[in-house]
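Structure below is target.pdb: PDB, C-alpha atoms and all ligand atoms.
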```pdb
MODEL        1
ATOM      1  CA  MET H   1     102.189 281.731 179.348  1.00  0.00           C
ATOM      2  CA  SER H   2      99.194 280.333 177.459  1.00  0.00           C
ATOM      3  CA  ALA H   3      96.769 282.574 179.386  1.00  0.00           C
ATOM      4  CA  TRP H   4      98.596 285.676 178.117  1.00  0.00           C
ATOM      5  CA  ASN H   5      98.587 284.668 174.477  1.00  0.00           C
ATOM      6  CA  GLU H   6      94.824 285.277 174.353  1.00  0.00           C
ATOM      7  CA  ARG H   7      94.974 288.643 176.080  1.00  0.00           C
ATOM      8  CA  ARG H   8      96.822 291.038 173.794  1.00  0.00           C
ATOM      9  CA  GLU H   9      93.713 292.860 172.562  1.00  0.00           C
ATOM     10  CA  ALA H  10      92.284 293.206 176.075  1.00  0.00           C
ATOM     11  CA  TYR H  11      95.509 294.724 177.404  1.00  0.00           C
ATOM     12  CA  GLU H  12      95.884 296.971 174.346  1.00  0.00           C
ATOM     13  CA  ARG H  13      92.407 298.407 175.045  1.00  0.00           C
ATOM     14  CA  SER H  14      92.603 298.417 178.864  1.00  0.00           C
ATOM     15  CA  ALA H  15      92.074 301.959 180.220  1.00  0.00           C
ATOM     16  CA  VAL H  16      94.370 301.330 183.217  1.00  0.00           C
ATOM     17  CA  HIS H  17      97.217 300.294 180.900  1.00  0.00           C
ATOM     18  CA  ARG H  18      96.924 302.458 177.781  1.00  0.00           C
ATOM     19  CA  ALA H  19      97.071 305.923 179.382  1.00  0.00           C
ATOM     20  CA  GLY H  20      97.329 307.826 182.634  1.00  0.00           C
ATOM     21  CA  ALA H  21      99.496 310.132 184.701  1.00  0.00           C
ATOM     22  CA  ASP H  22     101.536 307.101 185.830  1.00  0.00           C
ATOM     23  CA  LEU H  23     102.378 306.199 182.219  1.00  0.00           C
ATOM     24  CA  ASP H  24     103.311 309.849 181.523  1.00  0.00           C
ATOM     25  CA  LEU H  25     105.649 309.818 184.534  1.00  0.00           C
ATOM     26  CA  VAL H  26     107.239 306.475 183.617  1.00  0.00           C
ATOM     27  CA  VAL H  27     107.986 307.860 180.148  1.00  0.00           C
ATOM     28  CA  GLU H  28     109.495 311.089 181.578  1.00  0.00           C
ATOM     29  CA  TRP H  29     111.614 309.158 184.087  1.00  0.00           C
ATOM     30  CA  CYS H  30     113.077 307.159 181.171  1.00  0.00           C
ATOM     31  CA  GLU H  31     114.596 310.486 180.001  1.00  0.00           C
ATOM     32  CA  PRO H  32     113.503 309.934 176.390  1.00  0.00           C
ATOM     33  CA  ALA H  33     115.502 311.566 173.612  1.00  0.00           C
ATOM     34  CA  ARG H  34     116.761 310.774 170.127  1.00  0.00           C
ATOM     35  CA  GLY H  35     119.404 308.080 170.292  1.00  0.00           C
ATOM     36  CA  VAL H  36     118.370 306.780 173.714  1.00  0.00           C
ATOM     37  CA  THR H  37     118.110 302.981 173.659  1.00  0.00           C
ATOM     38  CA  ALA H  38     115.376 301.435 175.813  1.00  0.00           C
ATOM     39  CA  LEU H  39     114.217 297.942 176.738  1.00  0.00           C
ATOM     40  CA  ASP H  40     110.531 297.548 177.710  1.00  0.00           C
ATOM     41  CA  VAL H  41     110.337 294.366 179.814  1.00  0.00           C
ATOM     42  CA  ALA H  42     106.970 292.506 179.885  1.00  0.00           C
ATOM     43  CA  THR H  43     105.617 294.930 177.316  1.00  0.00           C
ATOM     44  CA  GLY H  44     102.066 293.463 177.263  1.00  0.00           C
ATOM     45  CA  GLY H  45      99.939 295.725 175.017  1.00  0.00           C
ATOM     46  CA  GLY H  46     103.095 297.712 174.233  1.00  0.00           C
ATOM     47  CA  HIS H  47     102.068 301.059 175.727  1.00  0.00           C
ATOM     48  CA  VAL H  48     105.444 302.043 177.203  1.00  0.00           C
ATOM     49  CA  ALA H  49     107.271 300.957 174.046  1.00  0.00           C
ATOM     50  CA  ARG H  50     104.860 302.975 171.873  1.00  0.00           C
ATOM     51  CA  ARG H  51     105.204 306.106 173.987  1.00  0.00           C
ATOM     52  CA  LEU H  52     109.022 305.896 174.044  1.00  0.00           C
ATOM     53  CA  ARG H  53     109.121 305.417 170.258  1.00  0.00           C
ATOM     54  CA  GLU H  54     106.942 308.531 169.895  1.00  0.00           C
ATOM     55  CA  ARG H  55     109.684 310.325 171.873  1.00  0.00           C
ATOM     56  CA  THR H  56     112.272 309.099 169.299  1.00  0.00           C
ATOM     57  CA  CYS H  57     113.937 306.464 171.481  1.00  0.00           C
ATOM     58  CA  THR H  58     115.162 303.247 169.895  1.00  0.00           C
ATOM     59  CA  VAL H  59     113.058 300.658 171.705  1.00  0.00           C
ATOM     60  CA  THR H  60     113.234 296.874 172.055  1.00  0.00           C
ATOM     61  CA  SER H  61     110.202 295.245 173.647  1.00  0.00           C
ATOM     62  CA  CYS H  62     110.263 291.840 175.306  1.00  0.00           C
ATOM     63  CA  ASP H  63     107.684 289.599 176.940  1.00  0.00           C
ATOM     64  CA  ALA H  64     107.449 285.963 177.965  1.00  0.00           C
ATOM     65  CA  ALA H  65     104.273 285.519 175.871  1.00  0.00           C
ATOM     66  CA  ALA H  66     104.698 285.318 172.100  1.00  0.00           C
ATOM     67  CA  GLY H  67     101.028 286.293 171.750  1.00  0.00           C
ATOM     68  CA  MET H  68     101.891 289.791 172.989  1.00  0.00           C
ATOM     69  CA  GLU H  69     103.981 290.167 169.829  1.00  0.00           C
ATOM     70  CA  PRO H  70     107.085 291.634 171.472  1.00  0.00           C
ATOM     71  CA  ASP H  71     110.332 292.125 169.556  1.00  0.00           C
ATOM     72  CA  VAL H  72     111.927 289.402 171.711  1.00  0.00           C
ATOM     73  CA  VAL H  73     110.152 286.536 173.505  1.00  0.00           C
ATOM     74  CA  CYS H  74     111.902 285.882 176.838  1.00  0.00           C
ATOM     75  CA  PRO H  75     111.244 285.741 180.569  1.00  0.00           C
ATOM     76  CA  ALA H  76     112.188 288.815 182.601  1.00  0.00           C
ATOM     77  CA  GLU H  77     114.225 286.515 184.843  1.00  0.00           C
ATOM     78  CA  ALA H  78     116.637 285.623 181.984  1.00  0.00           C
ATOM     79  CA  LEU H  79     117.043 288.527 179.563  1.00  0.00           C
ATOM     80  CA  PRO H  80     118.997 287.460 176.453  1.00  0.00           C
ATOM     81  CA  PHE H  81     121.038 290.674 176.213  1.00  0.00           C
ATOM     82  CA  ARG H  82     124.642 291.555 177.068  1.00  0.00           C
ATOM     83  CA  ASP H  83     125.516 293.574 180.180  1.00  0.00           C
ATOM     84  CA  GLY H  84     124.830 297.297 179.677  1.00  0.00           C
ATOM     85  CA  SER H  85     122.982 296.882 176.361  1.00  0.00           C
ATOM     86  CA  PHE H  86     120.436 299.696 176.915  1.00  0.00           C
ATOM     87  CA  ASP H  87     120.502 303.247 178.300  1.00  0.00           C
ATOM     88  CA  VAL H  88     117.253 302.556 180.134  1.00  0.00           C
ATOM     89  CA  VAL H  89     115.308 299.450 181.107  1.00  0.00           C
ATOM     90  CA  VAL H  90     111.659 299.887 182.029  1.00  0.00           C
ATOM     91  CA  CYS H  91     109.054 297.495 183.391  1.00  0.00           C
ATOM     92  CA  ARG H  92     105.488 298.642 184.041  1.00  0.00           C
ATOM     93  CA  LEU H  93     102.636 296.832 185.828  1.00  0.00           C
ATOM     94  CA  ALA H  94     104.064 293.363 185.320  1.00  0.00           C
ATOM     95  CA  ALA H  95     106.353 292.301 188.194  1.00  0.00           C
ATOM     96  CA  HIS H  96     103.426 290.937 190.224  1.00  0.00           C
ATOM     97  CA  HIS H  97     103.210 288.194 187.568  1.00  0.00           C
ATOM     98  CA  PHE H  98     106.865 287.163 187.814  1.00  0.00           C
ATOM     99  CA  ASP H  99     107.841 283.925 189.568  1.00  0.00           C
ATOM    100  CA  ASP H 100     111.112 285.496 190.726  1.00  0.00           C
ATOM    101  CA  PRO H 101     110.876 289.308 190.772  1.00  0.00           C
ATOM    102  CA  ALA H 102     114.261 289.701 192.512  1.00  0.00           C
ATOM    103  CA  ALA H 103     115.941 287.787 189.678  1.00  0.00           C
ATOM    104  CA  ALA H 104     114.065 289.923 187.132  1.00  0.00           C
ATOM    105  CA  VAL H 105     115.182 293.174 188.808  1.00  0.00           C
ATOM    106  CA  ALA H 106     118.781 291.897 188.865  1.00  0.00           C
ATOM    107  CA  GLU H 107     118.534 291.140 185.147  1.00  0.00           C
ATOM    108  CA  MET H 108     117.135 294.606 184.405  1.00  0.00           C
ATOM    109  CA  ALA H 109     120.020 296.173 186.326  1.00  0.00           C
ATOM    110  CA  ARG H 110     122.535 293.989 184.481  1.00  0.00           C
ATOM    111  CA  VAL H 111     121.369 294.883 180.945  1.00  0.00           C
ATOM    112  CA  SER H 112     120.966 298.610 181.713  1.00  0.00           C
ATOM    113  CA  ARG H 113     123.856 301.040 181.293  1.00  0.00           C
ATOM    114  CA  ARG H 114     122.342 303.654 183.592  1.00  0.00           C
ATOM    115  CA  LEU H 115     118.603 303.847 184.341  1.00  0.00           C
ATOM    116  CA  VAL H 116     115.975 301.338 185.485  1.00  0.00           C
ATOM    117  CA  VAL H 117     112.348 302.499 185.862  1.00  0.00           C
ATOM    118  CA  ILE H 118     109.830 300.142 187.463  1.00  0.00           C
ATOM    119  CA  GLU H 119     106.119 300.543 188.183  1.00  0.00           C
ATOM    120  CA  ASP H 120     103.840 298.021 189.841  1.00  0.00           C
ATOM    121  CA  GLY H 121     100.754 297.790 191.993  1.00  0.00           C
ATOM    122  CA  LEU H 122     101.432 298.325 195.692  1.00  0.00           C
ATOM    123  CA  HIS H 123     100.699 295.427 198.059  1.00  0.00           C
ATOM    124  CA  ASN H 124      97.555 296.097 200.075  1.00  0.00           C
ATOM    125  CA  ASP H 125      96.596 293.059 202.173  1.00  0.00           C
ATOM    126  CA  GLU H 126      95.982 289.315 201.871  1.00  0.00           C
ATOM    127  CA  ARG H 127      92.275 289.746 200.981  1.00  0.00           C
ATOM    128  CA  VAL H 128      93.271 291.808 197.960  1.00  0.00           C
ATOM    129  CA  GLU H 129      95.965 289.266 197.036  1.00  0.00           C
ATOM    130  CA  GLU H 130      93.409 286.435 197.184  1.00  0.00           C
ATOM    131  CA  ALA H 131      90.976 288.418 195.007  1.00  0.00           C
ATOM    132  CA  GLU H 132      93.721 289.174 192.483  1.00  0.00           C
ATOM    133  CA  ARG H 133      94.693 285.489 192.216  1.00  0.00           C
ATOM    134  CA  LEU H 134      91.072 284.362 191.881  1.00  0.00           C
ATOM    135  CA  ARG H 135      90.455 286.871 189.112  1.00  0.00           C
ATOM    136  CA  ASP H 136      93.729 286.006 187.390  1.00  0.00           C
ATOM    137  CA  ALA H 137      95.718 282.848 188.167  1.00  0.00           C
ATOM    138  CA  THR H 138      98.850 284.509 186.715  1.00  0.00           C
ATOM    139  CA  HIS H 139      98.932 287.011 189.598  1.00  0.00           C
ATOM    140  CA  VAL H 140     101.752 285.872 191.892  1.00  0.00           C
ATOM    141  CA  ARG H 141     102.042 288.704 194.443  1.00  0.00           C
ATOM    142  CA  ALA H 142     102.207 292.473 194.759  1.00  0.00           C
ATOM    143  CA  TYR H 143     105.005 293.823 196.993  1.00  0.00           C
ATOM    144  CA  THR H 144     105.243 296.419 199.737  1.00  0.00           C
ATOM    145  CA  LYS H 145     107.433 299.485 199.312  1.00  0.00           C
ATOM    146  CA  ALA H 146     109.947 297.981 201.784  1.00  0.00           C
ATOM    147  CA  GLU H 147     110.115 294.753 199.764  1.00  0.00           C
ATOM    148  CA  TRP H 148     110.699 296.754 196.579  1.00  0.00           C
ATOM    149  CA  LEU H 149     113.444 298.825 198.167  1.00  0.00           C
ATOM    150  CA  ALA H 150     115.208 295.644 199.304  1.00  0.00           C
ATOM    151  CA  MET H 151     115.024 294.107 195.805  1.00  0.00           C
ATOM    152  CA  LEU H 152     116.298 297.290 194.142  1.00  0.00           C
ATOM    153  CA  PHE H 153     119.163 297.683 196.619  1.00  0.00           C
ATOM    154  CA  ALA H 154     120.193 294.029 196.221  1.00  0.00           C
ATOM    155  CA  ALA H 155     120.273 294.484 192.428  1.00  0.00           C
ATOM    156  CA  GLY H 156     122.709 297.402 192.758  1.00  0.00           C
ATOM    157  CA  LEU H 157     120.141 300.107 192.019  1.00  0.00           C
ATOM    158  CA  ASP H 158     119.908 303.417 193.902  1.00  0.00           C
ATOM    159  CA  VAL H 159     116.445 304.965 194.087  1.00  0.00           C
ATOM    160  CA  VAL H 160     116.519 308.588 192.907  1.00  0.00           C
ATOM    161  CA  ASP H 161     112.759 309.210 192.805  1.00  0.00           C
ATOM    162  CA  THR H 162     109.564 307.491 193.969  1.00  0.00           C
ATOM    163  CA  ALA H 163     105.913 308.238 193.210  1.00  0.00           C
ATOM    164  CA  LEU H 164     102.601 306.796 194.333  1.00  0.00           C
ATOM    165  CA  HIS H 165      99.587 307.076 192.016  1.00  0.00           C
ATOM    166  CA  PRO H 166      96.013 306.165 192.911  1.00  0.00           C
ATOM    167  CA  ARG H 167      94.434 303.525 190.678  1.00  0.00           C
ATOM    168  CA  ARG H 168      90.743 302.894 190.020  1.00  0.00           C
ATOM    169  CA  HIS H 169      89.726 299.464 188.637  1.00  0.00           C
ATOM    170  CA  VAL H 170      86.230 299.524 187.107  1.00  0.00           C
ATOM    171  CA  PHE H 171      84.936 296.041 187.983  1.00  0.00           C
ATOM    172  CA  GLU H 172      83.250 295.348 184.650  1.00  0.00           C
ATOM    173  CA  GLU H 173      86.363 295.952 182.550  1.00  0.00           C
ATOM    174  CA  TRP H 174      88.796 294.559 185.134  1.00  0.00           C
ATOM    175  CA  LEU H 175      86.900 291.253 185.491  1.00  0.00           C
ATOM    176  CA  SER H 176      86.189 290.814 181.777  1.00  0.00           C
ATOM    177  CA  CYS H 177      89.879 291.422 180.929  1.00  0.00           C
ATOM    178  CA  THR H 178      90.675 287.949 182.355  1.00  0.00           C
ATOM    179  CA  GLY H 179      87.296 286.316 181.643  1.00  0.00           C
ATOM    180  CA  CYS H 180      86.355 286.226 185.353  1.00  0.00           C
ATOM    181  CA  GLU H 181      82.600 285.749 185.760  1.00  0.00           C
ATOM    182  CA  GLY H 182      79.790 284.055 187.707  1.00  0.00           C
ATOM    183  CA  GLU H 183      80.422 282.854 191.253  1.00  0.00           C
ATOM    184  CA  THR H 184      84.152 283.535 191.015  1.00  0.00           C
ATOM    185  CA  ALA H 185      83.487 287.168 190.125  1.00  0.00           C
ATOM    186  CA  ASP H 186      81.034 287.425 193.048  1.00  0.00           C
ATOM    187  CA  ARG H 187      83.686 286.053 195.422  1.00  0.00           C
ATOM    188  CA  VAL H 188      86.268 288.507 194.060  1.00  0.00           C
ATOM    189  CA  ARG H 189      83.871 291.444 194.615  1.00  0.00           C
ATOM    190  CA  ALA H 190      83.171 290.236 198.165  1.00  0.00           C
ATOM    191  CA  LEU H 191      86.890 289.978 198.984  1.00  0.00           C
ATOM    192  CA  LEU H 192      87.390 293.534 197.741  1.00  0.00           C
ATOM    193  CA  ALA H 193      84.427 295.051 199.624  1.00  0.00           C
ATOM    194  CA  HIS H 194      86.742 296.956 202.013  1.00  0.00           C
ATOM    195  CA  VAL H 195      88.495 298.752 199.129  1.00  0.00           C
ATOM    196  CA  THR H 196      85.414 299.239 196.908  1.00  0.00           C
ATOM    197  CA  GLU H 197      84.164 302.786 196.335  1.00  0.00           C
ATOM    198  CA  PRO H 198      80.611 303.730 197.414  1.00  0.00           C
ATOM    199  CA  GLY H 199      78.190 302.581 194.707  1.00  0.00           C
ATOM    200  CA  GLY H 200      80.342 299.536 193.920  1.00  0.00           C
ATOM    201  CA  GLU H 201      81.443 300.476 190.401  1.00  0.00           C
ATOM    202  CA  ALA H 202      85.166 300.237 191.061  1.00  0.00           C
ATOM    203  CA  TRP H 203      87.810 299.322 193.620  1.00  0.00           C
ATOM    204  CA  LEU H 204      90.817 301.372 194.534  1.00  0.00           C
ATOM    205  CA  ASP H 205      94.511 300.757 195.085  1.00  0.00           C
ATOM    206  CA  ALA H 206      97.811 302.448 194.295  1.00  0.00           C
ATOM    207  CA  LYS H 207     100.694 302.127 191.868  1.00  0.00           C
ATOM    208  CA  LEU H 208     104.254 302.598 192.981  1.00  0.00           C
ATOM    209  CA  ILE H 209     106.896 303.935 190.584  1.00  0.00           C
ATOM    210  CA  PHE H 210     110.664 303.925 191.088  1.00  0.00           C
ATOM    211  CA  LYS H 211     113.306 305.756 189.100  1.00  0.00           C
ATOM    212  CA  THR H 212     116.661 304.134 189.835  1.00  0.00           C
ATOM    213  CA  LEU H 213     120.274 304.512 188.772  1.00  0.00           C
ATOM    214  CA  LYS H 214     122.915 301.811 188.650  1.00  0.00           C
ATOM    215  CA  ARG H 215     125.170 302.163 191.663  1.00  0.00           C
ATOM    216  CA  GLY H 216     128.816 303.052 191.206  1.00  0.00           C
TER     217      GLY H 216
HETATM  218  C1  LIG H 301      99.739 293.569 182.580  1.00  0.00           C
HETATM  219  S1  LIG H 301     100.765 293.101 181.302  1.00  0.00           S
HETATM  220  C2  LIG H 301     101.997 294.357 181.166  1.00  0.00           C
HETATM  221  C3  LIG H 301     101.509 295.738 180.934  1.00  0.00           C
HETATM  222  C4  LIG H 301     102.409 296.628 180.134  1.00  0.00           C
HETATM  223  N1  LIG H 301     103.787 296.632 180.596  1.00  0.00           N
HETATM  224  C5  LIG H 301     101.844 298.038 180.111  1.00  0.00           C
HETATM  225  O1  LIG H 301     102.517 298.987 180.562  1.00  0.00           O
HETATM  226  O2  LIG H 301     100.703 298.190 179.634  1.00  0.00           O
HETATM  227  C6  LIG H 301     101.768 291.844 182.021  1.00  0.00           C
HETATM  228  C7  LIG H 301     102.724 291.193 181.022  1.00  0.00           C
HETATM  229  O3  LIG H 301     103.697 290.460 181.750  1.00  0.00           O
HETATM  230  C8  LIG H 301     104.057 289.354 180.944  1.00  0.00           C
HETATM  231  N2  LIG H 301     104.750 288.392 181.803  1.00  0.00           N
HETATM  232  C9  LIG H 301     104.242 287.632 182.804  1.00  0.00           C
HETATM  233  N3  LIG H 301     105.219 286.931 183.409  1.00  0.00           N
HETATM  234  C10 LIG H 301     106.385 287.266 182.775  1.00  0.00           C
HETATM  235  C11 LIG H 301     107.749 286.922 182.954  1.00  0.00           C
HETATM  236  N4  LIG H 301     108.143 286.074 183.913  1.00  0.00           N
HETATM  237  N5  LIG H 301     108.670 287.478 182.133  1.00  0.00           N
HETATM  238  C12 LIG H 301     108.293 288.344 181.162  1.00  0.00           C
HETATM  239  N6  LIG H 301     107.010 288.710 180.941  1.00  0.00           N
HETATM  240  C13 LIG H 301     106.076 288.197 181.749  1.00  0.00           C
HETATM  241  C14 LIG H 301     102.755 288.863 180.367  1.00  0.00           C
HETATM  242  O4  LIG H 301     102.940 288.056 179.231  1.00  0.00           O
HETATM  243  C15 LIG H 301     102.065 290.204 180.071  1.00  0.00           C
HETATM  244  O5  LIG H 301     102.279 290.609 178.752  1.00  0.00           O
ENDMDL
END
```

Just give me the structure as structure tokens.
Ligand SMILES: C[S@@+](CC[C@H](N)C(=O)[O-])C[C@H]1O[C@@H](n2cnc3c(N)ncnc32)[C@H](O)[C@@H]1O
Amino acid sequence: MSAWNERREAYERSAVHRAGADLDLVVEWCEPARGVTALDVATGGGHVARRLRERTCTVTSCDAAAGMEPDVVCPAEALPFRDGSFDVVVCRLAAHHFDDPAAAVAEMARVSRRLVVIEDGLHNDERVEEAERLRDATHVRAYTKAEWLAMLFAAGLDVVDTALHPRRHVFEEWLSCTGCEGETADRVRALLAHVTEPGGEAWLDAKLIFKTLKRG
């Protein structure tokens, strides 16, 4: 987790994280209202938690890195909360960092009373995976939609809505966010050539969002 402890400011500022139609949708799918209790898992710069608090939810944030200054420091794979502690559990743009995403999804389902909302980058191909890991050693893997559906089903979650949002990573900000430079940055750009927009300023992928309900 030491890499993350240095990154709070970068992730607070990051354009991809702090705003966007995907964040708006995640917040709506959490069905925010006064009295709704929410857990934001792997809160990072705290954008989901902030937006849900603005919508008068009672929010607990958690993250494995103390440097992110969450309310609770814990891994997503072992959430220190009782079964059914929150109306909604949400996890945005973080599961690709988890060592055991299936265990994390099972934990989210366990501590939720009703709703689980998850967003993450959609798996593209192995060249993109290699670039992601070179740029950031904490990237484990992004998953296909089929892999996500299997994890959600196994955790006892029924998918009620799915959305796909395009994402544009401006190289300069995306590389500097993790301190990736020099020859490594050149290699990352080369690996991403097939998904880079004309002109080379940014590369493109997609974010997948699931709204799920606990089964039964
Ligand atoms: C990209 S940031 C999250 C972005 C944030 N959710 C948002 O919407 O802006 C990824 C976060 O995942 C956290 N993280 C990585 N592995 C984790 C794990 N196994 N359990 C909990 N948090 C983890 C990191 O500390 C980091 O804060």

Using all atoms listed in the file, pick whichever of H:Val140, H:Leu149, H:Ala109, H:Val59 has the shortest atom-to-atom distance to ligand LIG 301 (chain H).
-> H:Val140

Could you please extract the residues within 7 Å of ligand LIG 301 (chain H), counting only C-alpha atoms and all ligand atoms, and hand them back as a PyMOL selection string?
-> chain H and resi 1+4+11+17-18+41-48+63-65+68+74-77+91-94+97-99

Got time to write the residues from that selection, C-alpha atoms, as a PDB file, in the frame of the given file?
```
ATOM      1  CA  MET H   1     102.189 281.731 179.348  1.00  0.00           C
ATOM      2  CA  TRP H   4      98.596 285.676 178.117  1.00  0.00           C
ATOM      3  CA  TYR H  11      95.509 294.724 177.404  1.00  0.00           C
ATOM      4  CA  HIS H  17      97.217 300.294 180.900  1.00  0.00           C
ATOM      5  CA  ARG H  18      96.924 302.458 177.781  1.00  0.00           C
ATOM      6  CA  VAL H  41     110.337 294.366 179.814  1.00  0.00           C
ATOM      7  CA  ALA H  42     106.970 292.506 179.885  1.00  0.00           C
ATOM      8  CA  THR H  43     105.617 294.930 177.316  1.00  0.00           C
ATOM      9  CA  GLY H  44     102.066 293.463 177.263  1.00  0.00           C
ATOM     10  CA  GLY H  45      99.939 295.725 175.017  1.00  0.00           C
ATOM     11  CA  GLY H  46     103.095 297.712 174.233  1.00  0.00           C
ATOM     12  CA  HIS H  47     102.068 301.059 175.727  1.00  0.00           C
ATOM     13  CA  VAL H  48     105.444 302.043 177.203  1.00  0.00           C
ATOM     14  CA  ASP H  63     107.684 289.599 176.940  1.00  0.00           C
ATOM     15  CA  ALA H  64     107.449 285.963 177.965  1.00  0.00           C
ATOM     16  CA  ALA H  65     104.273 285.519 175.871  1.00  0.00           C
ATOM     17  CA  MET H  68     101.891 289.791 172.989  1.00  0.00           C
ATOM     18  CA  CYS H  74     111.902 285.882 176.838  1.00  0.00           C
ATOM     19  CA  PRO H  75     111.244 285.741 180.569  1.00  0.00           C
ATOM     20  CA  ALA H  76     112.188 288.815 182.601  1.00  0.00           C
ATOM     21  CA  GLU H  77     114.225 286.515 184.843  1.00  0.00           C
ATOM     22  CA  CYS H  91     109.054 297.495 183.391  1.00  0.00           C
ATOM     23  CA  ARG H  92     105.488 298.642 184.041  1.00  0.00           C
ATOM     24  CA  LEU H  93     102.636 296.832 185.828  1.00  0.00           C
ATOM     25  CA  ALA H  94     104.064 293.363 185.320  1.00  0.00           C
ATOM     26  CA  HIS H  97     103.210 288.194 187.568  1.00  0.00           C
ATOM     27  CA  PHE H  98     106.865 287.163 187.814  1.00  0.00           C
ATOM     28  CA  ASP H  99     107.841 283.925 189.568  1.00  0.00           C
TER      29      ASP H  99
END
```

How many Å lie between CA of Ala206 in chain H and CA of Ser61 in chain H, rounded to one decimal?
->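 According to the coordinates, CA of Ala206 in chain H and CA of Ser61 in chain H are separated by 25.1 Å.
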
Gap from CA of Ala15 in chain H to CA of Glu173 in chain H - Å, one decimal =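 The value is 8.6 Å.
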
Quick one: everything within 12 Å of Ala146 in chain H, counting all atoms listed in the file, minus sequence neighbours fewer than 6 positions away in the same chain. Send it as a PDB file with C-alpha atoms, in the coordinates of the input.
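Wrote it out as out-v4.pdb, contents follow:
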```
ATOM      1  CA  LEU H 122     101.432 298.325 195.692  1.00  0.00           C
ATOM      2  CA  HIS H 123     100.699 295.427 198.059  1.00  0.00           C
ATOM      3  CA  LEU H 152     116.298 297.290 194.142  1.00  0.00           C
ATOM      4  CA  PHE H 153     119.163 297.683 196.619  1.00  0.00           C
ATOM      5  CA  LEU H 208     104.254 302.598 192.981  1.00  0.00           C
TER       6      LEU H 208
END
```

Long-range neighbours of range 23-34 of chain H as a ChimeraX atom specification, 9 Å cut-off, only C-alpha atoms, 2 positions minimum in chain = /H:17-21,36-38,47-48,51-53,55-58,87-90,92,115-119,161,163,209-211

Could the residues in this selection be written to a file with C-alpha atoms, as a compact mmCIF listing (two decimals), keeping the file's coordinate frame?
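Result file follows (part_36.txt):
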```
# COMPACT_ATOMS: atom_id res chain seq x y z
CA HIS H 17 97.22 300.29 180.90
CA ARG H 18 96.92 302.46 177.78
CA ALA H 19 97.07 305.92 179.38
CA GLY H 20 97.33 307.83 182.63
CA ALA H 21 99.50 310.13 184.70
CA VAL H 36 118.37 306.78 173.71
CA THR H 37 118.11 302.98 173.66
CA ALA H 38 115.38 301.44 175.81
CA HIS H 47 102.07 301.06 175.73
CA VAL H 48 105.44 302.04 177.20
CA ARG H 51 105.20 306.11 173.99
CA LEU H 52 109.02 305.90 174.04
CA ARG H 53 109.12 305.42 170.26
CA ARG H 55 109.68 310.32 171.87
CA THR H 56 112.27 309.10 169.30
CA CYS H 57 113.94 306.46 171.48
CA THR H 58 115.16 303.25 169.90
CA ASP H 87 120.50 303.25 178.30
CA VAL H 88 117.25 302.56 180.13
CA VAL H 89 115.31 299.45 181.11
CA VAL H 90 111.66 299.89 182.03
CA ARG H 92 105.49 298.64 184.04
CA LEU H 115 118.60 303.85 184.34
CA VAL H 116 115.98 301.34 185.48
CA VAL H 117 112.35 302.50 185.86
CA ILE H 118 109.83 300.14 187.46
CA GLU H 119 106.12 300.54 188.18
CA ASP H 161 112.76 309.21 192.80
CA ALA H 163 105.91 308.24 193.21
CA ILE H 209 106.90 303.94 190.58
CA PHE H 210 110.66 303.92 191.09
CA LYS H 211 113.31 305.76 189.10
```

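Minimum distance to Arg141 in chain H across H:Ala102, H:Leu164, H:Ala185, H:Ala95 (counting all atoms listed in the file) occurs at H:Ala95.
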
Have a look at H:Ala3, H:Ala78, H:Leu204, H:Val105 and name the one nearest to Gly156 in chain H; count only C-alpha atoms.
-> H:Val105

Which residue of H:Val159, H:Ala202, H:Val195, H:Ala66 approaches Trp174 in chain H most closely, using all atoms listed in the file =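 The closest residue to Trp174 in chain H is H:Ala202.
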
Would you write out, as CSV, a table of all residues in range 61-143 of chain H that have an atom no more than 7 Å from an atom of range 186-189 of chain H, listing for each the closest atom pair and the distance in Å to one decimal, considering all atoms listed in the file and ordering rows by chain and rising residue number?
```
residue,atom,partner,partner_atom,distance
H:Ala131,CA,H:Val188,CA,4.8
H:Leu134,CA,H:Val188,CA,6.7
H:Arg135,CA,H:Val188,CA,6.7
```
